[in-house]
Amino acid sequence: MAGQPVAVVTGGAEGIGFAVAERFAQAGCTVVIADLDGSKAAAKAAAIGPGHLGLAMDVADEGSVTSGIAAILARHGRIDMLVNNAGIADTHKPTVDQDNLAFERIVRVNLQGVFAVSREVGRSMLAQGRGAIVNLSSIAGLSGLPRRNAYGAAKAGVAAMTRSMAVEWAGCGIRVNAVAPGYVRTALLAELIASGRVDQARLQRRTPMGRLAEPAEIAEAVWFLCSPAASYITGVVLSVDGGWMAF
Ligand code: NAD
């Protein structure tokens, strides 16, 4: 599949990331799914069609990121698009019951992971003089959701880092944007609902459109921001939230 854009999706084996992988494949990209479990990532890559790649990567582990990105570059020669999607949920405990270890883990995956992968991919995009990056922020990073200290801080950090990298690389042919989803019907959210940490009926009442998002609706916005249709857009944090931030 030489000549087709190469797109890397972290955390692409499930949920929003898998919907993004499917959407980018449909648009003609060669997709690389980078996720914790390498054989699951490979199976999911095979499920979206021939020629796509799945590999093991832990975005919270610098060595894993460095070797994973090097392996992708060795195989495909370049990376044209990067979607920093890998993320984990917060503990949803009251602030006074939270501990530093859990806080650190959430920030390490959700914020430092975006930094580490962007840095490695950014080097090759700078060398080739073009590229597009989309980071997954969240309404939790743009508003004040209770018991989401670490998650909200990490996602606010992702929005800030998006703008910072966008301005730094704007003259180098690299665009950097973010999507901030509202509540999306994925395994991550299903687990929060099942454990009683999130009340689905309350969420739907709070969302002006009255429903959760489907992963494909987030993937569409991610694809738009990566695609040539968004050629003059950089440094934007696009809420895709059924009106949550407007209310
Ligand atoms: P999910 O749990 O369904 O899938 C997350 C994927 O990321 C999994 O495949 C998992 O294995 C992978 N992953 C987790 N830690 C990783 C690591 N250290 N390295 C590599 N891969 C890792 O989650 P989702 O709901 O699809 O969320 C995807 C992104 O969207 C996350 O960044 C999340 O914070 C964000 N988001 C989700 C929602 C929502 O309502 N689901 C809302 C706003 C933002």
# chains A, B, ... in the order shown; residues from 1 in each chain; ligands from 1
>>> select_by_dssp(residues="stretch 33-241 of chain A", states="strand (DSSP E)", output="CSV table (one decimal) with N, CA and C atoms, in the first residue's frame")
chain,number,residue,atom,x,y,z
A,33,ILE,N,-2.3,0.2,14.4
A,33,ILE,CA,-2.9,0.2,15.8
A,33,ILE,C,-1.8,-0.1,16.8
A,34,ALA,N,-1.6,0.8,17.7
A,34,ALA,CA,-0.5,0.6,18.7
A,34,ALA,C,-1.3,0.5,20.1
A,35,ASP,N,-1.2,-0.7,20.7
A,35,ASP,CA,-2.0,-0.9,21.9
A,35,ASP,C,-1.2,-1.8,22.9
A,53,LEU,N,-1.4,-2.7,10.3
A,53,LEU,CA,-0.5,-3.3,11.2
A,53,LEU,C,-0.9,-3.1,12.6
A,54,GLY,N,-0.7,-4.1,13.5
A,54,GLY,CA,-1.0,-3.9,14.9
A,54,GLY,C,0.3,-4.2,15.7
A,55,LEU,N,0.6,-3.4,16.7
A,55,LEU,CA,1.8,-3.7,17.5
A,55,LEU,C,1.6,-3.3,18.9
A,56,ALA,N,2.4,-3.9,19.8
A,56,ALA,CA,2.3,-3.6,21.2
A,56,ALA,C,3.0,-2.3,21.5
A,81,MET,N,0.1,10.7,9.8
A,81,MET,CA,-1.0,11.1,10.8
A,81,MET,C,-0.8,10.3,12.1
A,82,LEU,N,-1.1,11.0,13.2
A,82,LEU,CA,-1.0,10.4,14.5
A,82,LEU,C,-2.2,10.7,15.3
A,83,VAL,N,-2.9,9.7,15.8
A,83,VAL,CA,-4.0,10.0,16.7
A,83,VAL,C,-3.6,9.5,18.1
A,84,ASN,N,-3.4,10.4,19.0
A,84,ASN,CA,-3.1,10.1,20.4
A,84,ASN,C,-4.4,9.8,21.2
A,131,GLY,N,2.7,16.6,8.3
A,131,GLY,CA,2.1,15.7,9.2
A,131,GLY,C,0.9,16.3,9.9
A,132,ALA,N,0.0,15.5,10.5
A,132,ALA,CA,-1.1,15.9,11.2
A,132,ALA,C,-1.3,15.0,12.4
A,133,ILE,N,-1.5,15.7,13.6
A,133,ILE,CA,-1.7,15.0,14.8
A,133,ILE,C,-3.1,15.4,15.4
A,134,VAL,N,-3.8,14.5,15.9
A,134,VAL,CA,-5.0,14.8,16.7
A,134,VAL,C,-4.9,14.1,18.1
A,135,ASN,N,-5.1,14.8,19.1
A,135,ASN,CA,-5.1,14.3,20.5
A,135,ASN,C,-6.5,14.2,21.1
A,136,LEU,N,-6.7,13.2,21.9
A,136,LEU,CA,-8.0,13.0,22.5
A,136,LEU,C,-8.0,13.7,23.9
A,174,ILE,N,3.3,20.9,10.1
A,174,ILE,CA,2.7,19.9,11.0
A,174,ILE,C,1.5,20.6,11.7
A,175,ARG,N,0.3,20.1,11.5
A,175,ARG,CA,-0.9,20.6,12.2
A,175,ARG,C,-1.2,19.7,13.5
A,176,VAL,N,-1.5,20.4,14.6
A,176,VAL,CA,-1.8,19.6,15.8
A,176,VAL,C,-3.2,20.1,16.3
A,177,ASN,N,-4.1,19.2,16.5
A,177,ASN,CA,-5.4,19.6,17.0
A,177,ASN,C,-5.9,18.6,18.0
A,178,ALA,N,-7.0,18.9,18.7
A,178,ALA,CA,-7.6,17.9,19.6
A,178,ALA,C,-9.1,17.8,19.5
A,179,VAL,N,-9.6,16.7,19.8
A,179,VAL,CA,-11.0,16.5,19.9
A,179,VAL,C,-11.4,16.2,21.4
A,180,ALA,N,-12.4,16.9,21.9
A,180,ALA,CA,-12.8,16.8,23.3
A,180,ALA,C,-14.2,16.1,23.3
A,181,PRO,N,-14.3,14.8,23.4
A,181,PRO,CA,-15.6,14.2,23.4
A,181,PRO,C,-16.4,14.4,24.7
A,237,VAL,N,-9.2,22.9,19.8
A,237,VAL,CA,-9.8,21.8,20.6
A,237,VAL,C,-11.3,21.8,20.3
A,238,LEU,N,-11.6,20.8,19.5
A,238,LEU,CA,-13.0,20.7,19.0
A,238,LEU,C,-13.9,19.8,19.9
A,239,SER,N,-14.9,20.4,20.6
A,239,SER,CA,-15.8,19.6,21.4
A,239,SER,C,-16.7,18.9,20.5
A,240,VAL,N,-16.9,17.6,20.8
A,240,VAL,CA,-17.8,16.7,20.1
A,240,VAL,C,-18.6,16.1,21.2
>>> residues_near_ligand(ligand="ligand 1", cutoff="6 Å", atoms="only C-alpha atoms and all ligand atoms", output="MDAnalysis selection string")
chainID A and resid 10:17 35:36 57:60 85:88 109 136:138 181:189
>>> residues_around(residues="stretch 199-205 of chain A", least_positions_apart="3", cutoff="12 Å", atoms="only C-alpha atoms", output="list in words")
Leu145, Gly182, Tyr183, Val184, Arg185, Leu189, Ala190, Glu191, Leu192, Ile193, Ala194, Ser195, Gly196, Pro208, Met209, Gly210, Arg211, Leu212, Ala213, Asp241, Gly242, Gly243, Trp244 and Phe247 of chain A
>>> select_by_dssp(residues="stretch 32-156 of chain A", states="alpha helix (DSSP H)", output="mmCIF file with C-alpha atoms, in the first residue's frame")
data_model
loop_
_atom_site.group_PDB
_atom_site.id
_atom_site.type_symbol
_atom_site.label_atom_id
_atom_site.label_comp_id
_atom_site.auth_asym_id
_atom_site.auth_seq_id
_atom_site.Cartn_x
_atom_site.Cartn_y
_atom_site.Cartn_z
ATOM 1 C CA GLY A 38 0.216 -6.735 20.583
ATOM 2 C CA SER A 39 -1.704 -9.806 19.417
ATOM 3 C CA LYS A 40 -5.062 -8.115 20.026
ATOM 4 C CA ALA A 41 -3.806 -5.028 18.159
ATOM 5 C CA ALA A 42 -2.721 -7.257 15.247
ATOM 6 C CA ALA A 43 -6.100 -9.041 15.184
ATOM 7 C CA LYS A 44 -7.981 -5.720 15.215
ATOM 8 C CA ALA A 45 -5.724 -4.366 12.439
ATOM 9 C CA ALA A 46 -6.465 -7.476 10.363
ATOM 10 C CA ALA A 47 -10.191 -6.973 11.031
ATOM 11 C CA GLU A 62 9.219 5.649 27.181
ATOM 12 C CA GLY A 63 11.207 2.642 25.918
ATOM 13 C CA SER A 64 8.089 1.004 24.519
ATOM 14 C CA VAL A 65 7.137 4.229 22.691
ATOM 15 C CA THR A 66 10.625 4.771 21.282
ATOM 16 C CA SER A 67 11.001 1.202 20.005
ATOM 17 C CA GLY A 68 7.394 1.032 18.752
ATOM 18 C CA ILE A 69 7.655 4.222 16.696
ATOM 19 C CA ALA A 70 11.090 3.136 15.389
ATOM 20 C CA ALA A 71 9.563 -0.196 14.277
ATOM 21 C CA ILE A 72 6.732 1.586 12.442
ATOM 22 C CA LEU A 73 9.194 3.918 10.703
ATOM 23 C CA ALA A 74 11.431 0.960 9.763
ATOM 24 C CA ARG A 75 8.467 -0.794 8.183
ATOM 25 C CA HIS A 76 6.602 2.082 6.510
ATOM 26 C CA ASN A 100 -0.709 9.913 44.569
ATOM 27 C CA LEU A 101 0.021 6.618 42.825
ATOM 28 C CA ALA A 102 -3.333 6.486 41.027
ATOM 29 C CA PHE A 103 -3.038 10.208 40.176
ATOM 30 C CA GLU A 104 0.430 9.648 38.723
ATOM 31 C CA ARG A 105 -0.682 6.652 36.648
ATOM 32 C CA ILE A 106 -3.561 8.577 35.049
ATOM 33 C CA VAL A 107 -1.350 11.554 34.221
ATOM 34 C CA GLY A 113 1.849 9.397 26.863
ATOM 35 C CA VAL A 114 0.624 12.042 24.406
ATOM 36 C CA PHE A 115 3.875 13.946 24.882
ATOM 37 C CA ALA A 116 6.143 10.905 24.434
ATOM 38 C CA VAL A 117 4.445 9.590 21.283
ATOM 39 C CA SER A 118 4.164 13.085 19.753
ATOM 40 C CA ARG A 119 7.850 13.749 20.396
ATOM 41 C CA GLU A 120 8.947 10.544 18.656
ATOM 42 C CA VAL A 121 6.552 10.944 15.733
ATOM 43 C CA GLY A 122 7.187 14.709 15.639
ATOM 44 C CA ARG A 123 10.876 14.119 14.859
ATOM 45 C CA SER A 124 10.017 12.163 11.721
ATOM 46 C CA MET A 125 7.241 14.591 10.715
ATOM 47 C CA LEU A 126 9.689 17.510 11.072
ATOM 48 C CA ALA A 127 12.184 15.651 8.872
ATOM 49 C CA GLN A 128 9.563 15.050 6.167
ATOM 50 C CA ASN A 149 -8.939 15.555 39.427
ATOM 51 C CA ALA A 150 -6.244 13.564 37.662
ATOM 52 C CA TYR A 151 -8.260 12.818 34.520
ATOM 53 C CA GLY A 152 -9.476 16.410 34.190
ATOM 54 C CA ALA A 153 -5.990 17.801 34.784
ATOM 55 C CA ALA A 154 -4.482 15.396 32.238
ATOM 56 C CA LYS A 155 -7.101 16.225 29.611
ATOM 57 C CA ALA A 156 -6.727 19.995 30.244
#
>>> atom_distance(atom1="atom CA of A:Thr30", atom2="atom CA of A:Gly49")
9.6 Å
>>> closest_residue(among="A:Pro215, A:Pro146, A:Gly3, A:Gly51", to="A:Thr95", atoms="only C-alpha atoms")
A:Pro146
>>> atom_distance(atom1="atom CA of A:Lys93", atom2="atom CA of A:Val158")
22.0 Å
>>> residues_around(residues="A:Arg23", least_positions_apart="4", cutoff="12 Å", atoms="only C-alpha atoms", output="PyMOL selection string")
chain A and resi 7+9+12+16-19+27-31+48-49+215-224+226-227
>>> closest_residue(among="A:Asp37, A:Asp80, A:Glu22, A:Asp61", to="A:Pro228", atoms="only C-alpha atoms")
A:Asp80
>>> atom_distance(atom1="atom CA of A:Ile139", atom2="atom CA of A:Ala170")
25.1 Å
